[in-house]
Amino acid sequence: MIPAGFPRSIAIALLRFAIWIAPHDTLDWGRGMLSELNHVEGNWSALFWSLGSAGVLAKHALVALIFPRANPSIGPSAGDLFSKERPMRKPALAVIASCVVASLLLFLLPVVRQAFRVSLAQWNHILHVQAPFTRQSDAVLKDLLRQAERNHDAEALAFVALRTSGSESARLADEAVRLDPNLTWVYAAAGTFYRPSFAAGRVSALEQCDPQNALPHLIVAERIDLEQVDSKKIPRSAEEEPAGWREAMARAFQSPELDTYLDRQKRLDRRVLARYHVEDPFQAVSYEHWYGLPSYASQDSSLYAELLIKSGESLEARGDRKAALAKYLAVARFGEVMGADRGFFMRRELKDAYTRLEALSQLEGNKAEAALYAGLAGQLDKTWESQLASWRNSYRGSDVTHWNSLLVRLSGLLILFFASLLALCVIGVMIRSHSVKLTSLRSSVLTLTLAFSSAVGVLLSSAVLFVSYWPYSHALQRFVSAGDEFGLAELSSFLGNSQLPLGSGLRIGSWYVEVSNVVFYFWFAVAILCVLALLLAILRHFQTRPRASIPA
């Protein structure tokens with residue numbers, strides 16, 4: 001328990017320390033505040049009194065460090081701040097120079113430079129142009145492609161193919177597979193099947209190198225879906241799907257496994273990132289929240305499962321329970337092949353299949369199997385709720401990740417602001433002084449104070465940027481050097497949040513701040529500031545223009 005007199009003791013010690021660091025011309029005022037402290041009723045009230053008084057003294061101590069005072073008044077007047085120019089004081093210049101040098105030394109660290117590039121990603125949505133990190137990523141890929149082609153490095157070519165699109169992705173994937181046939185799986189991961197002109201022979205190559213995998217058949221079904229979208233002949237139900245689609249889905253449902261090659265991609269990425277010393281985090285975790293399935297796979301699986309269940313019901317109505325059982329088992333088996341995460345979107349059909357299997361087992365008198373299917377059906381809801389919660393947490397990231405992402409974006413913005421303000425102050429002083437020599441430079445108190453604050457602001461923002469990004473940089477280094485995937489999900493969430501403009505994603509009451517809201521209000525504020533600047537310039541023009549003399 002805190003003693004009753006402890007706050008007053010802290011108040012006295014704090015005020016005495018403030019008096020100790022205060023300028024000479026403020027000592028009488030500080031001692032007077034210390035005397036008044038004895039007459040303040042209440043220990044906590046005394047503490048708040050000392051905080052206010054100590055804050056005033058600390059402010060004057062800082063001001064005294066920046067500029068000299070010619071009179072013993074407490075603080076400069078408003079006219080001094082804006083009009084009087086005085087020689088630059090060496091302690092203030094030393095502090096400003098030290099902060100600038102310390103900030104530049106921090107930016108010599110690759111971690112800080114990488115963090116600053118990540119902080120700039122938020123401008124992509126606002127400016128509607130390529131973000132700085134995107135241009136940097138493109139430059140990294142182009143340089144890596146040149147080295148890969150020069151070295152005939154199949155893995156590096158596959159790495160670039162996985163991060164490009166269209167005919168270039170197909171060309172690089174073909175070249176990588178030609179150099180190393182074991183990289184045939186790149187055809188699926190690179191998405192070379194989206195256009196029929198790019199997919200010729202590639203799906204067949206996938207089927208030949210991995211005949212037990214359902215993924216090539218899902219790719220065939222997706223190609224048919226895309227052709228239907230292009231021709232605007234989209235079937236209204238699974239019964240209206242073409243025979244090729246039904247055949248591809250049937251082969252997928254009969255496949256014993258579903259490999260999306262994400263593990264192979266991670267291993268390849270690790271080797272290429274380490275081999276070519278690629279330090280772009282956006283290139284390292286682009287797949288962390290991607291299941292690797294074709295975009296239509298979930299919908300196709302759900303539609304075909306529904307088609308099988310309806311077919312089983314028809315067979316069951318005709319008395320062919322054995323054939324109906326095979327249909328229901330095909331749905332249940334493929335649900336297990338998909339897994340709880342990837343089979344989330346066919347959960348209704350999977351539960352219906354278990355229910356039908358339970359009913360058939362009851363009719364056949366097999367109570368053990370009926371109990372098994374009933375238990376599996378009952379467990380599905382819990383499994384899917386747990387999976388959904390895990391997926392949301394993994395995709396959104398923890399509260400710490402959100403906070404660090406906010407700090408990185410804010411720190412990057414403040415670095416730009418303070419650095420620009422400091423540059424304007426330096427240029428302004430040089431222009432007014434008509435010299436670049438330190439002994440000739442003269443500055444107003446306001447300009448010097450702004451420069452001092454900006455230099456400190458740049459240093460503090462750089463330090464916060466380093467501290468906030470360091471855990472994610474360390475997670476990336478562990479993945480590349482040792483294959484340790486712990487922290488990759490948080491890194492992916494962090495990078496995703498870092499691309500959102502500052503202020504978006506917040507929830508104020510029932511209102512969710514979307515990216516479009518932030519972009520609109522940003523440009524609205526810019527427009528208002530431009531109008532105000534124009535009005536100020538017009539007003540200044542009328543105030544300073546020469547007046548016509550009135551004839552006598």
# chains A, B, ... in the order shown; residues from 1 in each chain; ligands from 1
$ residues_around --residues "region 118-124 of chain A" --least-positions-apart "4" --cutoff "10 Å" --atoms "only C-alpha atoms" --output "PyMOL selection string"
chain A and resi 112-114+128-134+280-282+405-413+416+465+469+494-502+519
$ residues_around --residues "Asn213 (chain A)" --least-positions-apart "3" --cutoff "6 Å" --atoms "only C-alpha atoms" --output "list in words"
Asp210, Ser255, Glu257 and Leu258 of chain A
$ write_last_selection --atoms "C-alpha atoms" --output "mmCIF file, in the first residue's frame"
data_model
loop_
_atom_site.group_PDB
_atom_site.id
_atom_site.type_symbol
_atom_site.label_atom_id
_atom_site.label_comp_id
_atom_site.auth_asym_id
_atom_site.auth_seq_id
_atom_site.Cartn_x
_atom_site.Cartn_y
_atom_site.Cartn_z
ATOM 1 C CA ASP A 210 1.872 -36.113 -59.973
ATOM 2 C CA SER A 255 -7.783 -38.611 -56.164
ATOM 3 C CA GLU A 257 -4.445 -36.462 -52.104
ATOM 4 C CA LEU A 258 -4.484 -32.717 -52.734
#
$ select_by_dssp --residues "region 343-539 of chain A" --states "strand (DSSP E)" --output "MDAnalysis selection string"
chainID A and resid 442:444 507:508 511:512
$ write_last_selection --atoms "C-alpha atoms" --output "PDB file, in the first residue's frame"
ATOM      1  CA  ARG A 442      21.342  34.003 -38.146  1.00  0.00           C
ATOM      2  CA  SER A 443      17.985  32.551 -37.215  1.00  0.00           C
ATOM      3  CA  SER A 444      14.825  33.601 -35.463  1.00  0.00           C
ATOM      4  CA  ARG A 507     -13.991   0.918 -35.965  1.00  0.00           C
ATOM      5  CA  ILE A 508     -15.629   4.043 -34.496  1.00  0.00           C
ATOM      6  CA  TRP A 511     -18.840   2.868 -38.379  1.00  0.00           C
ATOM      7  CA  TYR A 512     -15.951   1.018 -39.996  1.00  0.00           C
TER       8      TYR A 512
END
$ residues_around --residues "Ala156 (chain A)" --least-positions-apart "2" --cutoff "9 Å" --atoms "only C-alpha atoms" --output "list in words"
Leu144, Leu145, Gln147, Ala148, Glu149, His152, Asp153, Ala154, Ala158, Phe159, Val160, Ala161, Ala176, Leu268, Asp269, Arg271, Val272, Leu273 and Tyr276 of chain A
$ write_last_selection --atoms "all heavy atoms" --output "tab-separated table (two decimals), in the first residue's frame"
chain	number	residue	atom	x	y	z
A	144	LEU	N	17.04	-9.89	-60.28
A	144	LEU	CA	17.14	-11.32	-60.05
A	144	LEU	C	16.96	-12.10	-61.35
A	144	LEU	O	17.65	-13.10	-61.59
A	144	LEU	CB	16.08	-11.75	-59.03
A	144	LEU	CG	16.02	-13.23	-58.67
A	144	LEU	CD1	17.35	-13.70	-58.12
A	144	LEU	CD2	14.90	-13.47	-57.67
A	145	LEU	N	16.05	-11.64	-62.22
A	145	LEU	CA	15.83	-12.31	-63.50
A	145	LEU	C	17.08	-12.24	-64.37
A	145	LEU	O	17.45	-13.24	-65.03
A	145	LEU	CB	14.63	-11.68	-64.21
A	145	LEU	CG	14.29	-12.24	-65.60
A	145	LEU	CD1	14.03	-13.74	-65.52
A	145	LEU	CD2	13.10	-11.50	-66.18
A	147	GLN	N	20.18	-12.06	-63.38
A	147	GLN	CA	21.18	-12.99	-62.84
A	147	GLN	C	20.79	-14.44	-63.11
A	147	GLN	O	21.65	-15.28	-63.42
A	147	GLN	CB	21.32	-12.77	-61.33
A	147	GLN	CG	21.83	-11.39	-60.95
A	147	GLN	CD	22.02	-11.26	-59.45
A	147	GLN	OE1	22.79	-12.00	-58.84
A	147	GLN	NE2	21.31	-10.32	-58.84
A	148	ALA	N	19.47	-14.73	-62.99
A	148	ALA	CA	19.02	-16.11	-63.20
A	148	ALA	C	19.23	-16.54	-64.65
A	148	ALA	O	19.66	-17.68	-64.92
A	148	ALA	CB	17.55	-16.23	-62.83
A	149	GLU	N	18.94	-15.65	-65.59
A	149	GLU	CA	19.14	-15.99	-67.00
A	149	GLU	C	20.62	-16.11	-67.33
A	149	GLU	O	21.02	-16.96	-68.15
A	149	GLU	CB	18.47	-14.93	-67.88
A	149	GLU	CG	16.94	-14.97	-67.82
A	149	GLU	CD	16.29	-13.89	-68.65
A	149	GLU	OE1	16.96	-12.84	-68.89
A	149	GLU	OE2	15.14	-14.07	-69.05
A	152	HIS	N	21.64	-19.40	-65.74
A	152	HIS	CA	20.78	-20.54	-66.10
A	152	HIS	C	20.28	-21.24	-64.83
A	152	HIS	O	20.30	-22.47	-64.72
A	152	HIS	CB	21.53	-21.53	-66.99
A	152	HIS	CG	22.04	-20.92	-68.27
A	152	HIS	ND1	21.21	-20.60	-69.32
A	152	HIS	CD2	23.30	-20.56	-68.65
A	152	HIS	CE1	21.92	-20.07	-70.31
A	152	HIS	NE2	23.20	-20.02	-69.93
A	153	ASP	N	19.83	-20.42	-63.88
A	153	ASP	CA	19.36	-20.90	-62.58
A	153	ASP	C	17.86	-21.19	-62.67
A	153	ASP	O	17.03	-20.26	-62.71
A	153	ASP	CB	19.64	-19.85	-61.51
A	153	ASP	CG	19.39	-20.38	-60.10
A	153	ASP	OD1	18.63	-21.34	-59.95
A	153	ASP	OD2	19.98	-19.81	-59.15
A	154	ALA	N	17.49	-22.47	-62.71
A	154	ALA	CA	16.08	-22.85	-62.86
A	154	ALA	C	15.25	-22.40	-61.67
A	154	ALA	O	14.11	-21.95	-61.83
A	154	ALA	CB	15.98	-24.37	-63.04
A	158	ALA	N	12.06	-19.90	-61.67
A	158	ALA	CA	10.75	-20.28	-61.11
A	158	ALA	C	10.30	-19.27	-60.05
A	158	ALA	O	9.11	-18.94	-59.96
A	158	ALA	CB	10.85	-21.67	-60.50
A	159	PHE	N	11.24	-18.77	-59.25
A	159	PHE	CA	10.92	-17.76	-58.24
A	159	PHE	C	10.29	-16.53	-58.88
A	159	PHE	O	9.27	-16.01	-58.40
A	159	PHE	CB	12.20	-17.39	-57.49
A	159	PHE	CG	12.02	-16.39	-56.39
A	159	PHE	CD1	11.82	-16.80	-55.09
A	159	PHE	CD2	12.07	-15.03	-56.65
A	159	PHE	CE1	11.66	-15.87	-54.07
A	159	PHE	CE2	11.92	-14.10	-55.65
A	159	PHE	CZ	11.71	-14.53	-54.35
A	160	VAL	N	10.87	-16.06	-59.96
A	160	VAL	CA	10.33	-14.88	-60.65
A	160	VAL	C	9.01	-15.23	-61.32
A	160	VAL	O	8.08	-14.42	-61.32
A	160	VAL	CB	11.35	-14.34	-61.66
A	160	VAL	CG1	10.79	-13.12	-62.38
A	160	VAL	CG2	12.66	-13.97	-60.97
A	161	ALA	N	8.91	-16.42	-61.91
A	161	ALA	CA	7.66	-16.83	-62.56
A	161	ALA	C	6.50	-16.85	-61.57
A	161	ALA	O	5.36	-16.50	-61.93
A	161	ALA	CB	7.83	-18.21	-63.19
A	176	ALA	N	12.20	-22.68	-66.72
A	176	ALA	CA	12.62	-23.33	-65.47
A	176	ALA	C	12.42	-24.84	-65.56
A	176	ALA	O	13.29	-25.63	-65.14
A	176	ALA	CB	11.84	-22.75	-64.30
A	268	LEU	N	11.75	-23.58	-52.05
A	268	LEU	CA	12.41	-22.92	-53.17
A	268	LEU	C	12.68	-21.45	-52.86
A	268	LEU	O	13.77	-20.94	-53.16
A	268	LEU	CB	11.54	-23.06	-54.42
A	268	LEU	CG	12.09	-22.43	-55.71
A	268	LEU	CD1	11.78	-23.32	-56.91
A	268	LEU	CD2	11.49	-21.05	-55.96
A	269	ASP	N	11.70	-20.78	-52.27
A	269	ASP	CA	11.87	-19.37	-51.93
A	269	ASP	C	13.04	-19.17	-50.98
A	269	ASP	O	13.83	-18.23	-51.14
A	269	ASP	CB	10.58	-18.81	-51.31
A	269	ASP	CG	9.48	-18.65	-52.34
A	269	ASP	OD1	9.76	-18.82	-53.55
A	269	ASP	OD2	8.34	-18.36	-51.95
A	271	ARG	N	15.70	-20.97	-50.60
A	271	ARG	CA	16.99	-21.15	-51.27
A	271	ARG	C	17.33	-19.96	-52.16
A	271	ARG	O	18.48	-19.49	-52.17
A	271	ARG	CB	16.97	-22.44	-52.11
A	271	ARG	CG	16.90	-23.72	-51.27
A	271	ARG	CD	17.17	-24.94	-52.12
A	271	ARG	NE	16.12	-25.17	-53.11
A	271	ARG	CZ	15.04	-25.93	-52.92
A	271	ARG	NH1	14.88	-26.54	-51.74
A	271	ARG	NH2	14.15	-26.11	-53.86
A	272	VAL	N	16.35	-19.45	-52.90
A	272	VAL	CA	16.62	-18.32	-53.80
A	272	VAL	C	16.88	-17.05	-53.00
A	272	VAL	O	17.79	-16.28	-53.33
A	272	VAL	CB	15.44	-18.14	-54.78
A	272	VAL	CG1	15.63	-16.89	-55.62
A	272	VAL	CG2	15.31	-19.36	-55.67
A	273	LEU	N	16.08	-16.80	-51.96
A	273	LEU	CA	16.28	-15.60	-51.14
A	273	LEU	C	17.67	-15.57	-50.52
A	273	LEU	O	18.33	-14.52	-50.48
A	273	LEU	CB	15.22	-15.53	-50.05
A	273	LEU	CG	13.78	-15.24	-50.49
A	273	LEU	CD1	12.82	-15.45	-49.32
A	273	LEU	CD2	13.65	-13.83	-51.03
A	276	TYR	N	20.58	-15.25	-53.46
A	276	TYR	CA	20.74	-13.94	-54.10
A	276	TYR	C	20.58	-12.78	-53.12
A	276	TYR	O	20.53	-11.63	-53.54
A	276	TYR	CB	19.73	-13.80	-55.24
A	276	TYR	CG	20.02	-14.73	-56.40
A	276	TYR	CD1	19.43	-15.98	-56.47
A	276	TYR	CD2	20.91	-14.36	-57.39
A	276	TYR	CE1	19.70	-16.84	-57.51
A	276	TYR	CE2	21.18	-15.22	-58.46
A	276	TYR	CZ	20.58	-16.47	-58.51
A	276	TYR	OH	20.84	-17.31	-59.54
$ residues_around --residues "Val220 (chain A)" --least-positions-apart "3" --cutoff "9 Å" --atoms "only C-alpha atoms" --output "PDB file with C-alpha atoms, in the first residue's frame"
ATOM      1  CA  PHE A 193      -3.396 -22.233 -66.647  1.00  0.00           C
ATOM      2  CA  VAL A 203      -1.837 -29.473 -67.174  1.00  0.00           C
ATOM      3  CA  LEU A 215      -5.004 -30.288 -58.157  1.00  0.00           C
ATOM      4  CA  PRO A 216      -4.520 -30.806 -61.937  1.00  0.00           C
ATOM      5  CA  HIS A 217      -8.147 -31.902 -62.278  1.00  0.00           C
ATOM      6  CA  ARG A 223     -10.260 -23.605 -67.165  1.00  0.00           C
ATOM      7  CA  ILE A 224     -13.738 -24.666 -68.240  1.00  0.00           C
ATOM      8  CA  ASP A 225     -15.241 -22.160 -65.766  1.00  0.00           C
ATOM      9  CA  GLY A 244     -15.706 -32.104 -69.427  1.00  0.00           C
ATOM     10  CA  TRP A 245     -16.281 -30.256 -66.167  1.00  0.00           C
ATOM     11  CA  ALA A 248     -12.567 -33.357 -64.275  1.00  0.00           C
ATOM     12  CA  MET A 249     -14.375 -33.022 -60.938  1.00  0.00           C
TER      13      MET A 249
END
$ residues_around --residues "Ser301 (chain A)" --least-positions-apart "5" --cutoff "12 Å" --atoms "only C-alpha atoms" --output "number ranges by chain"
A: 214-215, 217-219, 221-222, 238, 245-246, 248-253, 293-296, 306-308, 330-332, 334-335, 337-338, 342-350
$ write_last_selection --atoms "N, CA and C atoms" --output "JSON list (two decimals), in the first residue's frame"
[["chain", "number", "residue", "atom", "x", "y", "z"],
["A", 214, "ALA", "N", -5.12, -34.24, -56.81],
["A", 214, "ALA", "CA", -6.40, -33.73, -57.34],
["A", 214, "ALA", "C", -6.25, -32.35, -57.97],
["A", 215, "LEU", "N", -5.14, -31.67, -57.69],
["A", 215, "LEU", "CA", -5.00, -30.29, -58.16],
["A", 215, "LEU", "C", -5.07, -30.14, -59.68],
["A", 217, "HIS", "N", -6.76, -31.76, -61.85],
["A", 217, "HIS", "CA", -8.15, -31.90, -62.28],
["A", 217, "HIS", "C", -8.97, -30.68, -61.87],
["A", 218, "LEU", "N", -8.67, -30.10, -60.72],
["A", 218, "LEU", "CA", -9.35, -28.85, -60.33],
["A", 218, "LEU", "C", -8.96, -27.72, -61.28],
["A", 219, "ILE", "N", -7.72, -27.77, -61.76],
["A", 219, "ILE", "CA", -7.28, -26.76, -62.72],
["A", 219, "ILE", "C", -8.05, -26.89, -64.03],
["A", 221, "ALA", "N", -11.06, -28.09, -64.40],
["A", 221, "ALA", "CA", -12.41, -27.59, -64.15],
["A", 221, "ALA", "C", -12.43, -26.06, -64.14],
["A", 222, "GLU", "N", -11.41, -25.47, -63.57],
["A", 222, "GLU", "CA", -11.36, -24.00, -63.56],
["A", 222, "GLU", "C", -11.19, -23.43, -64.96],
["A", 238, "ALA", "N", -25.38, -27.24, -61.27],
["A", 238, "ALA", "CA", -24.34, -28.23, -61.56],
["A", 238, "ALA", "C", -24.79, -29.20, -62.65],
["A", 245, "TRP", "N", -16.37, -30.72, -67.55],
["A", 245, "TRP", "CA", -16.28, -30.26, -66.17],
["A", 245, "TRP", "C", -16.61, -31.37, -65.19],
["A", 246, "ARG", "N", -17.68, -32.14, -65.48],
["A", 246, "ARG", "CA", -18.07, -33.23, -64.58],
["A", 246, "ARG", "C", -17.00, -34.31, -64.54],
["A", 248, "ALA", "N", -13.71, -33.87, -65.04],
["A", 248, "ALA", "CA", -12.57, -33.36, -64.27],
["A", 248, "ALA", "C", -12.85, -33.40, -62.77],
["A", 249, "MET", "N", -14.05, -33.01, -62.36],
["A", 249, "MET", "CA", -14.38, -33.02, -60.94],
["A", 249, "MET", "C", -14.48, -34.44, -60.39],
["A", 250, "ALA", "N", -14.97, -35.37, -61.23],
["A", 250, "ALA", "CA", -15.04, -36.77, -60.80],
["A", 250, "ALA", "C", -13.64, -37.32, -60.54],
["A", 251, "ARG", "N", -12.69, -36.99, -61.41],
["A", 251, "ARG", "CA", -11.32, -37.45, -61.21],
["A", 251, "ARG", "C", -10.68, -36.79, -60.00],
["A", 252, "ALA", "N", -11.04, -35.53, -59.75],
["A", 252, "ALA", "CA", -10.52, -34.85, -58.56],
["A", 252, "ALA", "C", -11.04, -35.52, -57.30],
["A", 253, "PHE", "N", -12.34, -35.85, -57.27],
["A", 253, "PHE", "CA", -12.93, -36.48, -56.08],
["A", 253, "PHE", "C", -12.40, -37.89, -55.87],
["A", 293, "LEU", "N", -5.14, -23.10, -53.92],
["A", 293, "LEU", "CA", -6.15, -23.69, -54.79],
["A", 293, "LEU", "C", -6.53, -22.73, -55.90],
["A", 294, "PRO", "N", -6.96, -23.25, -57.05],
["A", 294, "PRO", "CA", -7.54, -22.36, -58.06],
["A", 294, "PRO", "C", -8.71, -21.58, -57.48],
["A", 295, "SER", "N", -8.96, -20.39, -58.00],
["A", 295, "SER", "CA", -9.96, -19.50, -57.40],
["A", 295, "SER", "C", -11.37, -20.08, -57.44],
["A", 296, "TYR", "N", -11.66, -20.96, -58.40],
["A", 296, "TYR", "CA", -12.99, -21.56, -58.51],
["A", 296, "TYR", "C", -13.08, -22.91, -57.81],
["A", 306, "GLU", "N", -22.67, -31.31, -54.14],
["A", 306, "GLU", "CA", -24.13, -31.22, -54.15],
["A", 306, "GLU", "C", -24.72, -32.11, -55.25],
["A", 307, "LEU", "N", -24.05, -32.16, -56.41],
["A", 307, "LEU", "CA", -24.51, -33.02, -57.50],
["A", 307, "LEU", "C", -24.44, -34.49, -57.10],
["A", 308, "LEU", "N", -23.38, -34.90, -56.41],
["A", 308, "LEU", "CA", -23.25, -36.28, -55.96],
["A", 308, "LEU", "C", -24.33, -36.64, -54.93],
["A", 330, "ALA", "N", -17.96, -40.69, -51.47],
["A", 330, "ALA", "CA", -17.06, -39.88, -52.30],
["A", 330, "ALA", "C", -16.99, -38.45, -51.78],
["A", 331, "VAL", "N", -18.15, -37.91, -51.37],
["A", 331, "VAL", "CA", -18.17, -36.55, -50.81],
["A", 331, "VAL", "C", -17.38, -36.50, -49.50],
["A", 332, "ALA", "N", -17.64, -37.49, -48.61],
["A", 332, "ALA", "CA", -16.96, -37.49, -47.31],
["A", 332, "ALA", "C", -15.46, -37.67, -47.48],
["A", 334, "PHE", "N", -13.59, -36.85, -50.08],
["A", 334, "PHE", "CA", -12.95, -35.65, -50.63],
["A", 334, "PHE", "C", -12.90, -34.53, -49.58],
["A", 335, "GLY", "N", -13.89, -34.49, -48.69],
["A", 335, "GLY", "CA", -13.83, -33.52, -47.60],
["A", 335, "GLY", "C", -12.62, -33.75, -46.71],
["A", 337, "VAL", "N", -9.84, -35.18, -47.78],
["A", 337, "VAL", "CA", -8.68, -34.82, -48.59],
["A", 337, "VAL", "C", -8.47, -33.31, -48.59],
["A", 338, "MET", "N", -9.56, -32.56, -48.67],
["A", 338, "MET", "CA", -9.46, -31.10, -48.65],
["A", 338, "MET", "C", -8.94, -30.60, -47.31],
["A", 342, "ARG", "N", -9.23, -26.00, -46.07],
["A", 342, "ARG", "CA", -9.60, -25.80, -47.47],
["A", 342, "ARG", "C", -11.02, -26.28, -47.78],
["A", 343, "GLY", "N", -11.55, -27.18, -46.95],
["A", 343, "GLY", "CA", -12.91, -27.69, -47.19],
["A", 343, "GLY", "C", -13.98, -26.88, -46.51],
["A", 344, "PHE", "N", -13.63, -25.68, -46.03],
["A", 344, "PHE", "CA", -14.58, -24.87, -45.28],
["A", 344, "PHE", "C", -15.82, -24.53, -46.12],
["A", 345, "PHE", "N", -15.65, -24.29, -47.42],
["A", 345, "PHE", "CA", -16.75, -23.81, -48.24],
["A", 345, "PHE", "C", -17.67, -24.94, -48.73],
["A", 346, "MET", "N", -17.33, -26.19, -48.48],
["A", 346, "MET", "CA", -18.25, -27.29, -48.79],
["A", 346, "MET", "C", -18.72, -27.97, -47.51],
["A", 347, "ARG", "N", -18.74, -27.20, -46.43],
["A", 347, "ARG", "CA", -19.11, -27.76, -45.13],
["A", 347, "ARG", "C", -20.56, -28.23, -45.11],
["A", 348, "ARG", "N", -21.46, -27.51, -45.79],
["A", 348, "ARG", "CA", -22.87, -27.91, -45.78],
["A", 348, "ARG", "C", -23.06, -29.24, -46.48],
["A", 349, "GLU", "N", -22.42, -29.42, -47.63],
["A", 349, "GLU", "CA", -22.54, -30.68, -48.36],
["A", 349, "GLU", "C", -21.88, -31.83, -47.60],
["A", 350, "LEU", "N", -20.76, -31.54, -46.95],
["A", 350, "LEU", "CA", -20.08, -32.58, -46.19],
["A", 350, "LEU", "C", -20.92, -33.05, -45.01]]
$ atom_distance --atom1 "CA of Ala368 (chain A)" --atom2 "CA of Lys351 (chain A)"
18.2 Å
$ atom_distance --atom1 "CA of Leu105 (chain A)" --atom2 "CA of Ile415 (chain A)"
14.4 Å
$ decode --residues "region 28-34 of chain A" --atoms "all heavy atoms" --output "mmCIF file, in the first residue's frame"
data_model
loop_
_atom_site.group_PDB
_atom_site.id
_atom_site.type_symbol
_atom_site.label_atom_id
_atom_site.label_comp_id
_atom_site.auth_asym_id
_atom_site.auth_seq_id
_atom_site.Cartn_x
_atom_site.Cartn_y
_atom_site.Cartn_z
ATOM 1 N N ASP A 28 14.080 32.284 -9.033
ATOM 2 C CA ASP A 28 13.195 32.905 -8.048
ATOM 3 C C ASP A 28 11.756 32.415 -8.226
ATOM 4 O O ASP A 28 11.050 32.132 -7.241
ATOM 5 C CB ASP A 28 13.251 34.431 -8.174
ATOM 6 C CG ASP A 28 14.604 34.978 -7.757
ATOM 7 O OD1 ASP A 28 15.318 34.266 -7.000
ATOM 8 O OD2 ASP A 28 14.967 36.098 -8.190
ATOM 9 N N TRP A 29 11.338 32.320 -9.476
ATOM 10 C CA TRP A 29 9.973 31.839 -9.723
ATOM 11 C C TRP A 29 9.812 30.388 -9.276
ATOM 12 O O TRP A 29 8.822 30.015 -8.662
ATOM 13 C CB TRP A 29 9.660 31.963 -11.218
ATOM 14 C CG TRP A 29 8.254 31.581 -11.570
ATOM 15 C CD1 TRP A 29 7.157 32.373 -11.537
ATOM 16 C CD2 TRP A 29 7.809 30.299 -12.002
ATOM 17 N NE1 TRP A 29 6.039 31.667 -11.911
ATOM 18 C CE2 TRP A 29 6.419 30.390 -12.209
ATOM 19 C CE3 TRP A 29 8.443 29.079 -12.233
ATOM 20 C CZ2 TRP A 29 5.647 29.298 -12.636
ATOM 21 C CZ3 TRP A 29 7.682 28.000 -12.655
ATOM 22 C CH2 TRP A 29 6.307 28.114 -12.851
ATOM 23 N N GLY A 30 10.833 29.558 -9.536
ATOM 24 C CA GLY A 30 10.769 28.158 -9.138
ATOM 25 C C GLY A 30 10.765 28.001 -7.626
ATOM 26 O O GLY A 30 10.014 27.178 -7.082
ATOM 27 N N ARG A 31 11.584 28.804 -6.910
ATOM 28 C CA ARG A 31 11.583 28.718 -5.449
ATOM 29 C C ARG A 31 10.249 29.174 -4.883
ATOM 30 O O ARG A 31 9.776 28.661 -3.861
ATOM 31 C CB ARG A 31 12.729 29.564 -4.888
ATOM 32 C CG ARG A 31 14.115 29.030 -5.255
ATOM 33 C CD ARG A 31 15.203 29.787 -4.530
ATOM 34 N NE ARG A 31 16.533 29.333 -4.913
ATOM 35 C CZ ARG A 31 17.388 30.041 -5.637
ATOM 36 N NH1 ARG A 31 17.077 31.263 -6.037
ATOM 37 N NH2 ARG A 31 18.570 29.529 -5.957
ATOM 38 N N GLY A 32 9.638 30.169 -5.528
ATOM 39 C CA GLY A 32 8.317 30.612 -5.089
ATOM 40 C C GLY A 32 7.286 29.496 -5.233
ATOM 41 O O GLY A 32 6.425 29.305 -4.363
ATOM 42 N N MET A 33 7.354 28.750 -6.330
ATOM 43 C CA MET A 33 6.429 27.616 -6.514
ATOM 44 C C MET A 33 6.672 26.543 -5.463
ATOM 45 O O MET A 33 5.729 25.905 -4.976
ATOM 46 C CB MET A 33 6.613 27.025 -7.922
ATOM 47 C CG MET A 33 6.197 27.943 -9.058
ATOM 48 S SD MET A 33 4.440 28.414 -9.011
ATOM 49 C CE MET A 33 4.566 30.080 -8.325
ATOM 50 N N LEU A 34 7.936 26.352 -5.082
ATOM 51 C CA LEU A 34 8.244 25.358 -4.057
ATOM 52 C C LEU A 34 7.679 25.787 -2.711
ATOM 53 O O LEU A 34 7.188 24.959 -1.925
ATOM 54 C CB LEU A 34 9.756 25.157 -3.980
ATOM 55 C CG LEU A 34 10.262 24.110 -2.985
ATOM 56 C CD1 LEU A 34 9.695 22.735 -3.325
ATOM 57 C CD2 LEU A 34 11.795 24.061 -2.974
#
